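Pasting model_14.cif here (mmCIF, C-alpha atoms):
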data_final
loop_
_atom_site.label_atom_id
_atom_site.label_comp_id
_atom_site.auth_asym_id
_atom_site.auth_seq_id
_atom_site.Cartn_x
_atom_site.Cartn_y
_atom_site.Cartn_z
CA MET A 1 22.86 -4.60 -20.07
CA ASN A 2 22.67 -1.13 -21.46
CA LEU A 3 25.29 0.36 -19.19
CA PRO A 4 28.92 -0.63 -19.34
CA PRO A 5 28.76 -3.92 -17.49
CA THR A 6 31.35 -5.04 -15.04
CA SER A 7 31.94 -8.30 -16.74
CA PRO A 8 34.34 -10.93 -15.55
CA ALA A 9 36.15 -10.50 -18.85
CA ASP A 10 37.44 -7.20 -17.51
CA GLY A 11 39.84 -9.29 -15.55
CA GLY A 12 38.98 -8.65 -11.95
CA LYS A 13 38.06 -5.02 -12.36
CA GLY A 14 35.00 -3.99 -10.45
CA THR A 15 36.65 -2.97 -7.23
CA GLU A 16 35.05 0.41 -7.04
CA GLY A 17 35.03 0.55 -3.26
CA MET A 18 38.07 -0.08 -1.12
CA PRO A 19 40.85 -2.02 -2.78
CA GLY A 20 40.06 -5.09 -0.71
CA ASP A 21 36.36 -5.12 -1.56
CA ARG A 22 36.53 -7.76 -4.23
CA ALA A 23 33.89 -10.06 -2.88
CA ALA A 24 30.41 -9.55 -4.29
CA TRP A 25 27.24 -9.38 -2.22
CA VAL A 26 24.32 -10.25 -4.50
CA TYR A 27 20.92 -8.61 -4.03
CA ALA A 28 18.85 -9.76 -6.93
CA VAL A 29 18.74 -11.01 -10.49
CA ALA A 30 16.74 -9.42 -13.31
CA ARG A 31 16.73 -9.44 -17.08
CA ARG A 32 18.41 -6.07 -17.03
CA ILE A 33 19.53 -3.61 -14.41
CA ASP A 34 20.29 -0.03 -15.27
CA GLU A 35 22.92 1.20 -12.83
CA SER A 36 21.39 4.67 -12.90
CA TRP A 37 18.38 3.27 -10.99
CA LEU A 38 20.75 2.60 -8.10
CA ALA A 39 22.86 5.74 -8.29
CA GLY A 40 23.30 7.27 -4.85
CA VAL A 41 21.89 4.23 -3.08
CA ALA A 42 24.20 2.78 -0.45
CA GLY A 43 24.80 -0.95 -0.47
CA VAL A 44 25.13 -3.22 2.53
CA ALA A 45 28.66 -2.12 3.34
CA GLY A 46 27.95 1.46 2.31
CA GLY A 47 29.65 0.96 -1.03
CA PRO A 48 28.24 1.69 -4.49
CA LEU A 49 26.02 -0.72 -6.37
CA ARG A 50 26.68 -2.09 -9.78
CA ALA A 51 25.37 -4.61 -12.25
CA VAL A 52 27.15 -7.80 -13.26
CA THR A 53 25.83 -9.12 -16.54
CA ALA A 54 26.11 -12.49 -18.23
CA ALA A 55 23.91 -14.84 -20.23
CA GLY A 56 21.35 -12.14 -20.91
CA LEU A 57 20.77 -11.58 -17.20
CA ALA A 58 21.95 -9.01 -14.70
CA ALA A 59 22.72 -9.22 -10.99
CA ALA A 60 22.86 -6.25 -8.64
CA VAL A 61 25.96 -6.48 -6.45
CA THR A 62 28.06 -4.50 -4.02
CA GLY A 63 31.77 -5.00 -3.46
CA VAL A 64 32.42 -6.12 0.10
CA SER A 65 35.53 -7.03 2.02
CA LEU A 66 36.08 -10.59 3.12
CA ASP A 67 37.37 -9.19 6.39
CA ASP A 68 33.80 -8.22 7.09
CA PHE A 69 31.84 -10.59 4.89
CA GLY A 70 33.89 -13.75 4.99
CA GLU A 71 32.40 -16.83 6.53
CA GLU A 72 33.34 -16.20 10.12
CA PRO A 73 32.79 -12.40 10.31
CA LEU A 74 29.48 -12.80 8.50
CA ARG A 75 28.28 -15.35 10.99
CA ARG A 76 29.21 -13.03 13.83
CA HIS A 77 27.44 -10.10 12.17
CA LEU A 78 24.27 -12.10 11.67
CA GLU A 79 24.00 -12.46 15.43
CA ASP A 80 24.10 -8.70 15.87
CA LEU A 81 20.58 -7.39 15.66
CA SER A 82 21.47 -3.80 14.81
CA TRP A 83 23.81 -4.97 12.01
CA LEU A 84 21.11 -7.30 10.81
CA ASP A 85 18.52 -4.52 10.92
CA ALA A 86 20.61 -2.13 8.81
CA THR A 87 21.74 -4.83 6.39
CA ALA A 88 18.28 -6.32 5.90
CA ARG A 89 16.81 -2.89 5.17
CA ARG A 90 19.53 -2.05 2.64
CA HIS A 91 19.23 -5.43 0.98
CA HIS A 92 15.47 -4.97 0.77
CA GLN A 93 15.73 -1.40 -0.48
CA VAL A 94 17.91 -2.36 -3.45
CA ILE A 95 15.57 -5.19 -4.41
CA GLU A 96 12.59 -2.90 -4.08
CA ILE A 97 14.11 -0.25 -6.35
CA ILE A 98 14.84 -2.79 -9.08
CA ALA A 99 11.35 -4.23 -8.72
CA ARG A 100 9.89 -0.86 -9.73
CA HIS A 101 11.53 -1.23 -13.13
CA GLU A 102 11.87 -4.92 -13.91
CA PRO A 103 10.67 -8.31 -12.69
CA VAL A 104 13.21 -9.28 -10.06
CA ILE A 105 14.35 -12.42 -8.25
CA PRO A 106 15.38 -11.49 -4.71
CA MET A 107 18.34 -13.37 -3.24
CA ARG A 108 18.31 -14.50 0.31
CA LEU A 109 20.32 -12.28 2.63
CA ALA A 110 24.06 -13.07 2.74
CA THR A 111 24.58 -14.45 -0.76
CA VAL A 112 28.26 -13.65 -1.27
CA PHE A 113 30.72 -14.61 -4.02
CA ASP A 114 34.49 -14.27 -4.00
CA ASP A 115 34.37 -11.95 -7.01
CA ASP A 116 32.27 -10.86 -9.96
CA ARG A 117 33.41 -13.89 -11.92
CA GLY A 118 31.52 -16.11 -9.53
CA VAL A 119 28.38 -14.03 -9.98
CA ALA A 120 28.65 -14.21 -13.76
CA GLY A 121 29.12 -17.97 -13.46
CA LEU A 122 25.94 -18.21 -11.43
CA LEU A 123 23.96 -16.28 -14.07
CA THR A 124 25.28 -18.53 -16.78
CA GLN A 125 24.84 -21.83 -15.00
CA ARG A 126 21.34 -21.19 -13.76
CA ARG A 127 20.13 -19.16 -16.68
CA ASP A 128 17.13 -21.42 -17.44
CA GLU A 129 16.01 -21.50 -13.84
CA PHE A 130 16.18 -17.71 -13.60
CA ALA A 131 14.31 -17.34 -16.86
CA ALA A 132 11.53 -19.62 -15.63
CA ALA A 133 11.26 -17.78 -12.31
CA LEU A 134 11.24 -14.40 -14.05
CA GLY A 135 8.53 -15.62 -16.38
CA GLN A 136 6.37 -16.58 -13.44
CA ILE A 137 6.63 -13.25 -11.64
CA ASP A 138 6.50 -10.98 -14.68
CA GLY A 139 3.56 -8.61 -14.38
CA ARG A 140 2.74 -9.83 -10.89
CA THR A 141 3.25 -8.49 -7.40
CA GLU A 142 3.46 -10.11 -3.98
CA TRP A 143 0.99 -9.07 -1.31
CA GLY A 144 1.03 -10.19 2.31
CA ILE A 145 -1.94 -11.00 4.50
CA LYS A 146 -1.66 -11.51 8.23
CA ILE A 147 -4.66 -12.51 10.29
CA TYR A 148 -4.81 -12.12 14.05
CA ALA A 149 -7.25 -13.74 16.42
CA GLY A 150 -9.01 -11.23 18.62
CA SER A 151 -7.91 -11.88 22.19
CA ALA A 152 -10.47 -13.96 24.09
CA SER A 153 -11.72 -11.65 26.79
CA ASP A 154 -13.82 -11.79 29.92
CA ASP A 155 -16.96 -10.63 28.16
CA GLN A 156 -17.19 -14.03 26.59
CA VAL A 157 -18.32 -15.44 29.91
CA SER A 158 -22.05 -15.12 29.59
CA PRO A 159 -23.93 -12.89 32.00
CA GLY A 160 -26.09 -14.54 34.64
CA GLU A 161 -23.23 -16.61 35.88
CA ASP A 162 -21.97 -13.84 38.06
CA GLY A 163 -24.54 -14.48 40.80
CA ALA A 164 -23.79 -18.16 40.73
CA ASP A 165 -20.12 -17.37 40.80
CA ALA A 166 -20.52 -15.26 43.88
CA ARG A 167 -22.38 -18.03 45.72
CA GLU A 168 -19.89 -20.66 44.63
CA THR A 169 -17.00 -18.48 45.59
CA ALA A 170 -18.44 -17.98 49.05
CA ALA A 171 -18.98 -21.71 49.48
CA SER A 172 -15.77 -22.97 47.94
CA PRO A 173 -13.38 -20.43 46.47
CA GLY A 174 -11.01 -23.03 45.03
CA ALA A 175 -13.66 -25.00 43.18
CA ALA A 176 -15.26 -21.81 41.90
CA TYR A 177 -11.94 -20.65 40.61
CA LEU A 178 -11.41 -23.89 38.76
CA ARG A 179 -14.88 -23.72 37.22
CA ARG A 180 -14.29 -20.15 36.06
CA ARG A 181 -10.93 -21.16 34.65
CA LYS A 182 -12.49 -24.06 32.79
CA ARG A 183 -15.13 -21.80 31.25
CA ALA A 184 -12.45 -19.31 30.23
CA ILE A 185 -10.40 -22.05 28.59
CA SER A 186 -13.40 -23.37 26.73
CA ALA A 187 -14.33 -19.86 25.56
CA ASP A 188 -10.74 -19.40 24.46
CA SER A 189 -10.71 -22.59 22.45
CA ASP A 190 -14.04 -21.67 20.84
CA ALA A 191 -12.51 -18.34 19.86
CA ARG A 192 -9.49 -20.13 18.41
CA LEU A 193 -11.67 -22.40 16.33
CA ALA A 194 -13.70 -19.47 15.07
CA ALA A 195 -10.59 -17.47 14.21
CA SER A 196 -9.07 -20.39 12.42
CA ALA A 197 -12.25 -20.98 10.40
CA SER A 198 -12.32 -17.32 9.43
CA ALA A 199 -8.68 -17.44 8.41
CA ASP A 200 -9.31 -20.52 6.26
CA ALA A 201 -12.23 -18.87 4.51
CA ILE A 202 -10.36 -15.64 3.86
CA HIS A 203 -7.30 -17.48 2.58
CA ALA A 204 -9.35 -19.66 0.24
CA ALA A 205 -11.13 -16.64 -1.24
CA LEU A 206 -7.91 -14.66 -1.74
CA ALA A 207 -5.99 -17.62 -3.15
CA ARG A 208 -8.63 -17.86 -5.90
CA LEU A 209 -7.70 -14.33 -7.00
CA ALA A 210 -3.96 -15.03 -6.96
CA ALA A 211 -1.65 -16.72 -9.44
CA ALA A 212 0.08 -18.47 -6.53
CA ALA A 213 -0.12 -18.48 -2.75
CA GLN A 214 2.28 -19.39 0.03
CA LEU A 215 1.56 -20.04 3.68
CA ARG A 216 4.32 -19.26 6.15
CA PRO A 217 4.59 -20.02 9.85
CA PRO A 218 2.70 -17.40 11.85
CA GLN A 219 4.99 -14.85 13.46
CA ALA A 220 5.48 -14.84 17.21
CA PRO A 221 4.31 -11.68 18.98
CA GLN A 222 7.95 -10.63 19.42
CA LEU A 223 8.38 -10.47 15.67
CA SER A 224 4.96 -9.26 14.63
CA GLY A 225 4.93 -6.60 17.32
CA GLN A 226 1.31 -7.48 18.00
CA GLN A 227 -0.02 -8.97 21.18
CA GLU A 228 -2.77 -10.82 19.40
CA ARG A 229 -2.08 -14.33 18.22
CA MET A 230 -1.35 -14.53 14.51
CA VAL A 231 -3.39 -17.31 12.93
CA LEU A 232 -2.43 -16.83 9.30
CA ASN A 233 0.69 -15.49 7.58
CA ALA A 234 0.30 -15.77 3.84
CA ALA A 235 1.77 -14.34 0.66
CA TYR A 236 -0.07 -14.05 -2.65
CA LEU A 237 1.34 -13.49 -6.11
CA VAL A 238 -1.25 -11.36 -7.84
CA ASP A 239 -1.50 -10.22 -11.45
CA ASP A 240 -0.97 -6.46 -11.50
CA ALA A 241 -4.23 -6.12 -13.39
CA ARG A 242 -6.03 -7.70 -10.42
CA SER A 243 -4.34 -5.73 -7.62
CA GLU A 244 -7.32 -3.51 -7.01
CA GLU A 245 -9.67 -6.45 -7.04
CA PHE A 246 -7.45 -8.35 -4.60
CA ALA A 247 -7.22 -5.45 -2.16
CA ALA A 248 -10.95 -4.83 -2.38
CA ALA A 249 -11.62 -8.50 -1.70
CA ALA A 250 -9.29 -8.46 1.31
CA ASP A 251 -11.09 -5.40 2.59
CA SER A 252 -14.52 -6.88 2.19
CA LEU A 253 -13.52 -10.28 3.65
CA ALA A 254 -12.06 -8.52 6.65
CA GLY A 255 -15.36 -6.74 7.09
CA SER A 256 -17.36 -9.94 6.99
CA HIS A 257 -15.16 -11.74 9.55
CA PRO A 258 -15.24 -9.50 12.59
CA ALA A 259 -13.76 -12.19 14.86
CA VAL A 260 -10.34 -11.66 13.32
CA ARG A 261 -8.16 -8.71 12.42
CA VAL A 262 -6.80 -8.72 8.88
CA THR A 263 -3.81 -6.74 7.69
CA LEU A 264 -2.60 -6.29 4.14
CA THR A 265 1.06 -5.53 3.39
CA GLY A 266 2.70 -4.79 0.11
CA PRO A 267 3.42 -4.33 -2.66
CA TRP A 268 6.42 -6.60 -2.05
CA PRO A 269 9.06 -7.81 -4.47
CA PRO A 270 8.24 -11.48 -5.02
CA TYR A 271 10.32 -12.86 -2.13
CA SER A 272 7.95 -15.74 -1.58
CA PHE A 273 7.81 -16.74 -5.23
CA ALA A 274 11.44 -16.38 -6.20
CA SER A 275 12.18 -20.02 -6.88
CA ALA A 276 11.26 -21.60 -10.14
CA ASP A 277 10.12 -24.64 -8.17
CA VAL A 278 7.34 -22.74 -6.43
CA PRO A 279 4.17 -24.18 -7.90
CA GLY A 280 2.43 -21.73 -10.14
CA SER A 281 -1.29 -21.68 -10.61
CA PRO A 282 -3.67 -22.86 -9.42
CA PRO A 283 -2.78 -22.28 -5.80
CA GLU A 284 -4.95 -25.02 -4.34
CA GLY A 285 -3.29 -27.32 -1.84
CA THR A 286 -1.11 -24.61 -0.39
CA ARG A 287 -2.87 -24.77 2.95
CA ALA A 288 -0.50 -26.55 5.29
CA MET B 289 4.61 3.16 13.11
CA SER B 290 1.15 4.52 12.71
CA MET B 291 -1.48 2.64 10.86
CA GLY B 292 -2.39 3.59 7.36
CA GLU B 293 1.05 4.67 6.29
CA MET B 294 2.34 3.71 2.91
CA ALA B 295 3.76 0.26 2.93
CA GLN B 296 6.80 1.06 0.86
CA PRO B 297 8.52 4.30 0.08
CA GLY B 298 7.40 5.13 -3.41
CA GLY B 299 5.92 1.70 -3.66
CA GLY B 300 2.72 2.84 -5.23
CA ARG B 301 -0.83 2.50 -4.18
CA VAL B 302 -2.66 2.50 -0.92
CA TYR B 303 -5.73 0.38 -0.82
CA GLY B 304 -8.59 -0.27 1.51
CA SER B 305 -9.36 2.93 3.28
CA GLY B 306 -9.96 1.24 6.56
CA SER B 307 -13.47 -0.14 6.31
CA GLY B 308 -12.76 -3.81 6.87
CA LEU B 309 -9.00 -4.09 7.10
CA SER B 310 -8.38 -3.13 10.66
CA SER B 311 -5.25 -1.18 9.98
CA GLY B 312 -5.69 -0.46 6.32
CA HIS B 313 -2.21 -0.77 4.99
CA GLU B 314 0.48 -1.79 7.45
CA PRO B 315 3.86 -0.24 6.92
CA ALA B 316 6.61 -2.74 6.18
CA ASN B 317 8.07 -3.36 9.60
CA LEU B 318 11.39 -4.94 10.37
CA GLY B 319 9.76 -8.22 11.26
CA ASP B 320 8.21 -8.51 7.81
CA ILE B 321 11.43 -7.50 6.10
CA LEU B 322 13.57 -9.91 8.10
CA GLU B 323 11.16 -12.72 7.50
CA ARG B 324 11.37 -12.14 3.77
CA VAL B 325 15.09 -11.57 3.37
CA LEU B 326 16.03 -14.45 5.68
CA ASP B 327 13.32 -17.00 5.17
CA ARG B 328 12.31 -16.39 1.58
CA GLY B 329 14.12 -15.22 -1.50
CA LEU B 330 16.15 -17.48 -3.71
CA VAL B 331 18.71 -19.59 -1.90
CA ILE B 332 21.96 -19.79 -3.82
CA ALA B 333 25.09 -21.34 -2.39
CA GLY B 334 27.58 -18.56 -2.96
CA ASP B 335 31.33 -18.88 -2.51
CA ILE B 336 31.02 -17.73 1.07
CA ARG B 337 29.24 -20.57 2.75
CA VAL B 338 27.02 -19.19 5.40
CA ASN B 339 25.68 -22.49 6.53
CA LEU B 340 22.03 -22.62 5.61
CA LEU B 341 21.42 -24.22 8.96
CA ASP B 342 22.81 -21.10 10.62
CA ILE B 343 20.29 -18.99 8.75
CA GLU B 344 17.49 -21.35 9.69
CA LEU B 345 18.52 -21.15 13.31
CA LEU B 346 18.74 -17.40 13.05
CA THR B 347 15.26 -17.24 11.62
CA ILE B 348 13.94 -19.33 14.45
CA LYS B 349 15.81 -17.22 16.95
CA LEU B 350 14.31 -14.10 15.47
CA ARG B 351 10.88 -15.45 16.10
CA LEU B 352 11.77 -16.03 19.71
CA ILE B 353 14.06 -13.14 20.21
CA ILE B 354 13.59 -10.71 22.99
CA ALA B 355 15.78 -7.88 21.91
CA SER B 356 17.11 -5.32 24.30
CA VAL B 357 14.41 -2.84 25.16
CA GLU B 358 16.00 0.03 23.23
CA THR B 359 16.56 -2.00 20.09
CA ALA B 360 13.13 -3.49 20.20
CA ARG B 361 11.54 -0.11 20.65
CA GLU B 362 13.42 1.24 17.67
CA LEU B 363 12.14 -1.70 15.67
CA GLY B 364 8.61 -0.84 16.66
CA ILE B 365 8.34 -3.89 18.87
CA ASP B 366 6.71 -2.73 22.07
CA TRP B 367 4.34 -5.52 22.91
CA TRP B 368 5.46 -5.63 26.51
CA VAL B 369 4.42 -2.05 27.22
CA ASN B 370 0.80 -3.00 27.79
CA ASP B 371 1.49 -6.49 28.99
CA PRO B 372 0.31 -6.63 32.60
CA TRP B 373 2.66 -9.51 33.29
CA LEU B 374 5.56 -7.23 32.61
CA SER B 375 4.27 -4.03 34.13
CA SER B 376 5.96 -2.96 37.31
CA ASN B 377 3.24 -3.82 39.85
CA HIS B 378 2.90 -7.25 38.51
CA ARG B 379 6.60 -7.73 38.48
CA GLU B 380 6.84 -6.92 42.16
CA LEU B 381 4.09 -9.40 42.83
CA GLU B 382 5.85 -12.02 40.79
CA GLU B 383 9.11 -11.34 42.52
CA GLU B 384 7.38 -11.72 45.84
CA ASN B 385 5.80 -14.98 44.72
CA ARG B 386 9.07 -16.23 43.46
CA ARG B 387 10.78 -15.51 46.74
CA LEU B 388 8.03 -17.30 48.60
CA ARG B 389 8.14 -20.30 46.29
CA ASP B 390 11.88 -20.49 46.63
CA ARG B 391 11.56 -20.31 50.38
CA VAL B 392 8.97 -23.08 50.43
CA ALA B 393 11.05 -25.21 48.12
CA GLU B 394 14.06 -24.60 50.28
CA LEU B 395 12.16 -25.76 53.33
CA GLU B 396 10.60 -28.77 51.66
CA ALA B 397 13.35 -30.10 49.45
CA PRO B 398 16.82 -29.18 48.29
CA ARG B 399 15.80 -28.45 44.72
CA THR B 400 13.99 -25.41 43.38
CA GLU B 401 11.09 -25.88 41.05
CA SER B 402 10.86 -22.27 39.98
CA ARG B 403 14.15 -22.31 38.16
CA ARG B 404 12.98 -24.99 35.82
CA GLN B 405 9.81 -23.09 35.01
CA VAL B 406 11.84 -20.20 33.73
CA THR B 407 13.03 -22.22 30.78
CA ALA B 408 9.74 -23.89 30.00
CA GLY B 409 8.29 -21.13 27.82
CA PRO B 410 10.99 -20.69 25.17
CA ALA B 411 11.69 -24.41 24.95
CA GLN B 412 8.06 -25.10 24.27
CA GLU B 413 7.94 -22.39 21.63
CA ALA B 414 11.00 -23.86 20.00
CA ARG B 415 9.31 -27.22 19.80
CA GLU B 416 6.28 -25.65 18.22
CA GLU B 417 8.55 -23.92 15.79
CA GLY B 418 10.11 -27.21 14.87
CA ARG B 419 6.73 -28.67 14.07
CA ARG B 420 5.76 -25.68 12.00
CA SER B 421 8.92 -25.78 9.99
CA ALA B 422 7.82 -29.17 8.73
CA ARG B 423 5.45 -27.15 6.58
CA ARG B 424 4.82 -27.82 2.96
CA ARG B 425 6.12 -25.34 0.43
#
What does this structure look like when you write it as structure tokens?
Amino acid sequence: MNLPPTSPADGGKGTEGMPGDRAAWVYAVARRIDESWLAGVAGVAGGPLRAVTAAGLAAAVTGVSLDDFGEEPLRRHLEDLSWLDATARRHHQVIEIIARHEPVIPMRLATVFDDDRGVAGLLTQRRDEFAAALGQIDGRTEWGIKIYAGSASDDQVSPGEDGADARETAASPGAAYLRRRKRAISADSDARLAASASADAIHAALARLAAAAQLRPPQAPQLSGQQERMVLNAAYLVDDARSEEFAAAADSLAGSHPAVRVTLTGPWPPYSFASADVPGSPPEGTRA
Amino acid sequence: MSMGEMAQPGGGRVYGSGSGLSSGHEPANLGDILERVLDRGLVIAGDIRVNLLDIELLTIKLRLIIASVETARELGIDWWVNDPWLSSNHRELEEENRRLRDRVAELEAPRTESRRQVTAGPAQEAREEGRRSARRR
């Protein structure tokens, strides 16, 4: 708001990149965005970032070409992992920078308007919704907790069975194998139950410290990069004044539940709490 | 990505100096970022309609994706490195088993069972994914 805004009233100005880059990729909405925060930062298509303002709100946008960001090209790009990697990181980086200065509502990747006029229209039409969402996240930060079950290993088969195993194996290798397999499966399911109970307890304790909590589907190993099975993937919206307390609690809970591995990520812009319809406090009943 | 790095460039504080949290503070990896920018964030129907269903499918695919080795390595995804099922010895063994199974199947019946097993894993994961996506928000 305090820098010369690229308002739709300028009559289709705001094509600072290539002449054809009239379409607007939207990163985030905030009460105000100072373009100097984003000076020198490259947008998704490498172009400069700017703020579109309307209705007392500001959106961070980049001009993009419809040749590259129209419906069909965009769909193709989304299937390309290296494009997706670069674009997701740039999208995230812009949101993160704004979040250091102002409460921010992150847009989902690939929110594109034909021109700045469309963006201004969005700010105007959904002004109340944005205001409510911004009110909820003001002074709060998102933190992520992922909990992994320790892999059930051979040492869970109790000692003393080895001798029996050897005799059984000699007598009937097939039956002995099946018995061992059965024991392993039962040990595995015990471990799963224990891990899941630990995850429940940790989540309940952390949710009490948060203004809101969200449970997401656990990530597959291919996405998490971890071989262990993820049993909890949660996000917490925490008052900034309670950040230290929250992290300390996570630390201490992790220590008292040795059966699972707990990781804390953040601070994140409030991706998981961006909608005004996300229930605020208290966060009970969020456990799926 | 080593453990204990800052989560975000310039993002502020590092907590939990490793006593209970196994890795202290995980750096923001691509998986976390993709999950957030694709699966969270405010959904606005812009002028360019990227079908929301496409994004949903993409998100599901990402959870199942097995990227090319180079790409995955760059992304810090290297779970297969220590996976005995994918290490070379095991692979030879599997290959051998597969050949034998195929041979047996060939001798016993005109259809091969092993081919069907190849698709069983991902399909099952996809079904699980479907159930999970019926989550409450």
request  = Do me a favour and pick out the residues of chain A within 6 Å of chain B, using all atoms listed in the file, as a list in words.
outcome  = Glu71, Pro106, Met107, Arg108, Leu109, Thr111, Val112, Phe113, Asp114, Ala220, Leu223, Ser224, Gly225, Gln227, Asp251, Ser252, Ala254, Gly255, Arg261, Val262, Thr263, Leu264, Thr265, Gly266, Tyr271, Ser272, Ala274, Ser275 and Ala288 of chain A
Write out as a compact mmCIF listing (two decimals) with C-alpha atoms, keeping the file's coordinate frame each polymer residue whose atoms come within 12 Å of Gly150 in chain A, counting only C-alpha atoms; drop sequence neighbours fewer than 3 positions from it.
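The new file out-v5.txt reads:
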# COMPACT_ATOMS: atom_id res chain seq x y z
CA ILE A 147 -4.66 -12.51 10.29
CA SER A 153 -11.72 -11.65 26.79
CA GLN A 156 -17.19 -14.03 26.59
CA ASP A 188 -10.74 -19.40 24.46
CA ASP A 190 -14.04 -21.67 20.84
CA ALA A 191 -12.51 -18.34 19.86
CA ARG A 192 -9.49 -20.13 18.41
CA LEU A 193 -11.67 -22.40 16.33
CA ALA A 194 -13.70 -19.47 15.07
CA ALA A 195 -10.59 -17.47 14.21
CA SER A 196 -9.07 -20.39 12.42
CA SER A 198 -12.32 -17.32 9.43
CA ALA A 199 -8.68 -17.44 8.41
CA GLN A 226 1.31 -7.48 18.00
CA GLN A 227 -0.02 -8.97 21.18
CA GLU A 228 -2.77 -10.82 19.40
CA ARG A 229 -2.08 -14.33 18.22
CA MET A 230 -1.35 -14.53 14.51
CA VAL A 231 -3.39 -17.31 12.93
CA HIS A 257 -15.16 -11.74 9.55
CA PRO A 258 -15.24 -9.50 12.59
CA ALA A 259 -13.76 -12.19 14.86
CA VAL A 260 -10.34 -11.66 13.32
CA ARG A 261 -8.16 -8.71 12.42
CA VAL A 262 -6.80 -8.72 8.88
CA SER B 310 -8.38 -3.13 10.66
Test item: the PyMOL selection byres ((chain A and resi 142) around 12) resolved as a PyMOL selection string = (chain A and resi 96+99+103-105+136-141+143-145+210-214+234-240+242-243+246-247+264-274) or (chain B and resi 324)
ask   = What is the distance, in Å and to one decimal place, between CA of Leu38 in chain A and CA of Asp85 in chain A?
value = 20.4 Å
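With CA of Ala39 in chain A on one side and CA of Glu102 in chain A on the other, the separation reads 16.3 Å.
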query = CA of His203 in chain A and CA of Ile185 in chain A are how many Å apart?
reply =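 So the two atoms, CA of His203 in chain A and CA of Ile185 in chain A, lie 26.6 Å apart.
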Return as a tab-separated table the residues of range 96-208 of chain A lying at most 9 Å from range 42-65 of chain A, together with the closest atom-to-atom pair for each and the distance in Å to one decimal, counting only C-alpha atoms, with rows in chain order and ascending residue number.
residue	atom	partner	partner_atom	distance
A:Ile98	CA	A:Ala60	CA	8.7
A:Val112	CA	A:Val64	CA	8.7
A:Asp115	CA	A:Gly63	CA	8.2
A:Asp116	CA	A:Val52	CA	6.8
A:Arg117	CA	A:Val52	CA	8.8
A:Val119	CA	A:Val52	CA	7.1
A:Ala120	CA	A:Ala54	CA	5.4
A:Gly121	CA	A:Ala54	CA	7.9
A:Leu122	CA	A:Ala54	CA	8.9
A:Leu123	CA	A:Ala54	CA	6.0
A:Thr124	CA	A:Ala55	CA	5.2
A:Gln125	CA	A:Ala55	CA	8.8
A:Arg127	CA	A:Ala55	CA	6.7
A:Phe130	CA	A:Leu57	CA	8.5
A:Ala131	CA	A:Leu57	CA	8.7
Axis-aligned box for all listed atoms of range 229-244 of chain A, 6 Å per side, centre and edges in Å to one decimal, as lines of an AutoDock Vina configuration file:
center_x = -2.8
center_y = -10.4
center_z = 2.4
size_x = 21.1
size_y = 25.8
size_z = 43.6
inquiry  = Please expand the PyMOL selection byres ((chain A and resi 67) around 12) into the concrete residues it hits in this file, giving the result as a PyMOL selection string.
reply    = (chain A and resi 18+20-23+45+64-66+68-77+114) or (chain B and resi 336)
